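Each remark here refers to the structure printed beneath this line.
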Amino acid sequence: MMQTEPTPPDQAGAFPPSQPAPRFAGPVVECEHLSVRFGKNWALNDVSAAFLPGAVGLLGPNGAGKSTLLKSLLGFVVPDKGSMRVLGMDVARSPLEIRARIGYMPESDSHIPGMNAVSFVGYCGQLSGLPATDAMQRAHEVLYYVGLGEARYRNLETYSMGMKQRIKLAQAIVHDPDLLFLDEPTNGMDPKGRDEMLELIHDLAHNKNVNLILSSHLLPDVEYTCDHVVVMDKGTVATAGPIKALKGTTGRVYELRVKGDEAAFIEVMKASGFDVKNTGDDVMRVFVPGVDDEGAKILFDLAARERVQVRHLRPSVPTLEDVFARAVGEV
Amino acid sequence: MPIHDQGYRRYGGTRAAVGRAWQVMTRAGVMSIVSKRQFIGLMLFAWAPFVVRAVQIYVAANFQQASFLAPKGETFREFLDQQGAFVFFVTIYVGAGLIANDRRANALQLYLSKPMTRAEYIAGKLAILFIFLVGVTFLPAISLLLMQAIFAGSFTFVRNNLYLLPAITLFSLAQVLVASTTMLALSSMSKSGRFVAVMYAGLFFFTTALFNALRGITGRSSFAWLSPSAALEQLGDVIFRLEPRYQVSPAIAAVTVVVLIAGSLFILDRRVRGVEIVT
């Protein structure tokens with residue numbers, strides 16, 4: 001796995017804002033047959049997955065194994081079986097080299113006691129290998145970037161929950177990692193703060209070329225910030241791929257209610273190549289493949305031909321929620 | 001670059017090689033402690049015996065009438081014994097929160113997500129305590145030896161007591177290692193620095209009281225190995241070529257010290273982790 005040549009830095013050791021550094025080529029994370037057991041429970045069970053460059057969402061309900069996967073990649077948890085590679089390096093062989101190139105934003109409230117924000121972030125930069133002066137300069141920059149510029153001399157213990165989330169992001173990016181692990185980054189944030197945090201994550205991934213893996217159980221967060229998704233359930237990978245492809249953009253889903261011989265009409269629709277799912281009440285969800293705009297007309301024509309009356313027809317935009325529900329078997 | 005232009009920029013500057021993060025941690029820890037006035041006061045107090053001893057050496061070297069104050073090998077042993085009290089206070093002041101505070105703030109996962117191994121984290125924390133304890137044991141004791149040579153205007157005393165140099169080094173090292181590893185192990189077992197301080201003081205006083213109680217009952221001091229401080233005293237006597245004060249084999253006293261250090265390192269290895277796994 002080769003990394004492309006970086007753009008030469010300016011005098012301060014930073015790339016100009018208009019020239020984001022190139023991305024890592026190839027999968028940033030690869031897991032093969034990864035299994036982790038806590039006591040009698042398999043937290044990860046034969047997980048094989050590849051995380052492509054860009055923003056990848058790690059989605060799943062609580063207890064699906066998302067955090068365990070991140071902690072395994074960080075080397076906090078030693079797997080019972082399997083292998084992992086991060087940025088082309090083996091986790092078991094080069095844990096320190098990997099940690100020098102990644103940033104980790106943990107789920108739980110974490111800080112180093114007795115420090116103000118700028119000391120804390122600068123200190124984290126130095127721990128990651130930055131010279132003291134560069135670390136301090138970048139600490140100021142990233143604190144402005146995450147929106148804590150005015151509060152950077154305040155002691156961390158006085159920070160609100162939202163501010164603590166931002167400071168965790170700041171310490172994770174101060175050394176300019178090639179890969180970011182974000183574990184539930186919007187936990188405990190108010191709606192405005194959450195939107196701002198998602199904007200930051202989106203900006204990092206799409207404008208600053210930082211590869212990131214966003215672990216969350218919040219579907220809208222992943223849908224807004226990520227291009228790819230890995231859905232986990234009960235310690236296994238339920239599905240994975242580009243979000244657009246998983247949502248199925250060629251075609252459209254309709255909510256449909258008809259009056260007449262419903263069973264026969266369903267058979268006719270299925271014979272015509274439509275995917276029909278009954279939602280439990282009298283409304284069914286029909287996926288009409290092909291051209292998006294033609295679906296309604298096709299359904300009306302078919303209903304007229306079969307002599308059933310269309311009582312309700314509404315296009316339904318496929319969401320990541322549909323993908324998630326399908327993957328974890330809720331549909 | 002104007003402030004309004006500041007945003008996230010990629011970094012292309014130099015980076016230190018991995019394996020040096022513990023030095024950053026130690027430096028920050030030392031700076032944080034020395035910035036406290038209370039601690040500066042404690043250190044000044046801890047150096048007061050040095051000043052007294054230095055005056056004693058000066059008077060003995062310069063006034064014939066005070067030759068009875070002239071230092072002997074024992075003087076340095078007594079000095080380090082006295083410093084034991086400051087070792088106790090400095091250990092509590094500096095060491096109680098070293099890991100406990102990190103555990104309270106969930107900082108371990110932050111440290112260990114950086115290019116730093118668990119051993120480096122422990123080494124970095126140990127080094128903080130080590131530096132300050134050396135500052136109240138080895139440093140003043142060696143300085144006293146130097147003072148003697150300066151005030152006497154010759155190295156005769158040092159030459160005649162050449163064993164003092166390794167003896168001071170070895171005994172200081174034993175004092176510092178026992179105090180720092182024990183305190184760090186206790187600090188890793190709690191999230192409260194105050195509780196750790198109480199545990200350390202409890203361990204110190206309880207073992208000493210237990211030893212003294214057994215000595216009172218049996219009339220013998222062969223249980224000195226039960227108390228780390230008594231075991232250290234016994235070792236100190238042997239190191240300084242003095243008659244051992246307790247009826248316990250120096251080898252057993254050494255085993256107590258080694259077991260205490262090894263046990264503390266074992267606890268640290270078990271407790272310092274990036275993630276707590278409850279099965």
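Each chain in the structure tokens gets a letter, A, B, ..., in the order shown, and its residues are numbered from 1; ligands are numbered from 1 in order too.
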Distance-based interface of chain B with chain A, 9 Å, counting only C-alpha atoms, as a PyMOL selection string: chain B and resi 3+5-25+28+32+101-102+104-117+273-275+277-279
Who sits within 9 Å of Glu233 of chain B, only C-alpha atoms, same chain under 2 positions skipped, as a ChimeraX atom specification: /B:81,228-231,235-238,244-246,253
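By only C-alpha atoms, and with residues fewer than 6 positions from segment 219-227 of chain B along its chain excluded, the set lying at most 9 Å from it is B:Leu203, B:Phe204, B:Phe205, B:Phe206, B:Thr207, B:Thr208, B:Ala209, B:Leu210, B:Phe211, B:Asn212, B:Gln234, B:Arg245, B:Tyr246, B:Gln247, B:Val248, B:Ser249, B:Ile252, B:Ala253, B:Ala254, B:Val255, B:Thr256, B:Val257.
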DSSP-assigned strand (DSSP E) members of segment 92-299 of chain A, reported as a VMD selection string: chain A and resid 102 to 105 179 to 183 211 to 216 228 to 233 236 to 242 251 to 259 275 to 278 284 to 289
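Omitting Arg257 of chain A and its sequence neighbours fewer than 2 positions away, and counting only C-alpha atoms, the residues within 7 Å are A:Asp282, A:Val283, A:Met284, A:Val310, A:Arg311, A:His312, A:Leu313.
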Members of segment 6-231 of chain B assigned helix (DSSP H, G or I) by DSSP, as a PyMOL selection string: chain B and resi 21-34+37-46+48-62+64-69+73-95+100-104+108-112+118-136+138-152+156-160+164-187+193-218+224-226+228-231
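Using only C-alpha atoms, the smallest distance between any of B:Phe39, B:Phe151, B:Phe88, B:Phe138 and Leu173 of chain B comes from B:Phe138.
Compared by their closest atoms to Asn155 of chain A, and using only C-alpha atoms, the residues A:Ile243, A:Ala117, A:Ala135, A:Ala170 rank with A:Ala117 nearest.
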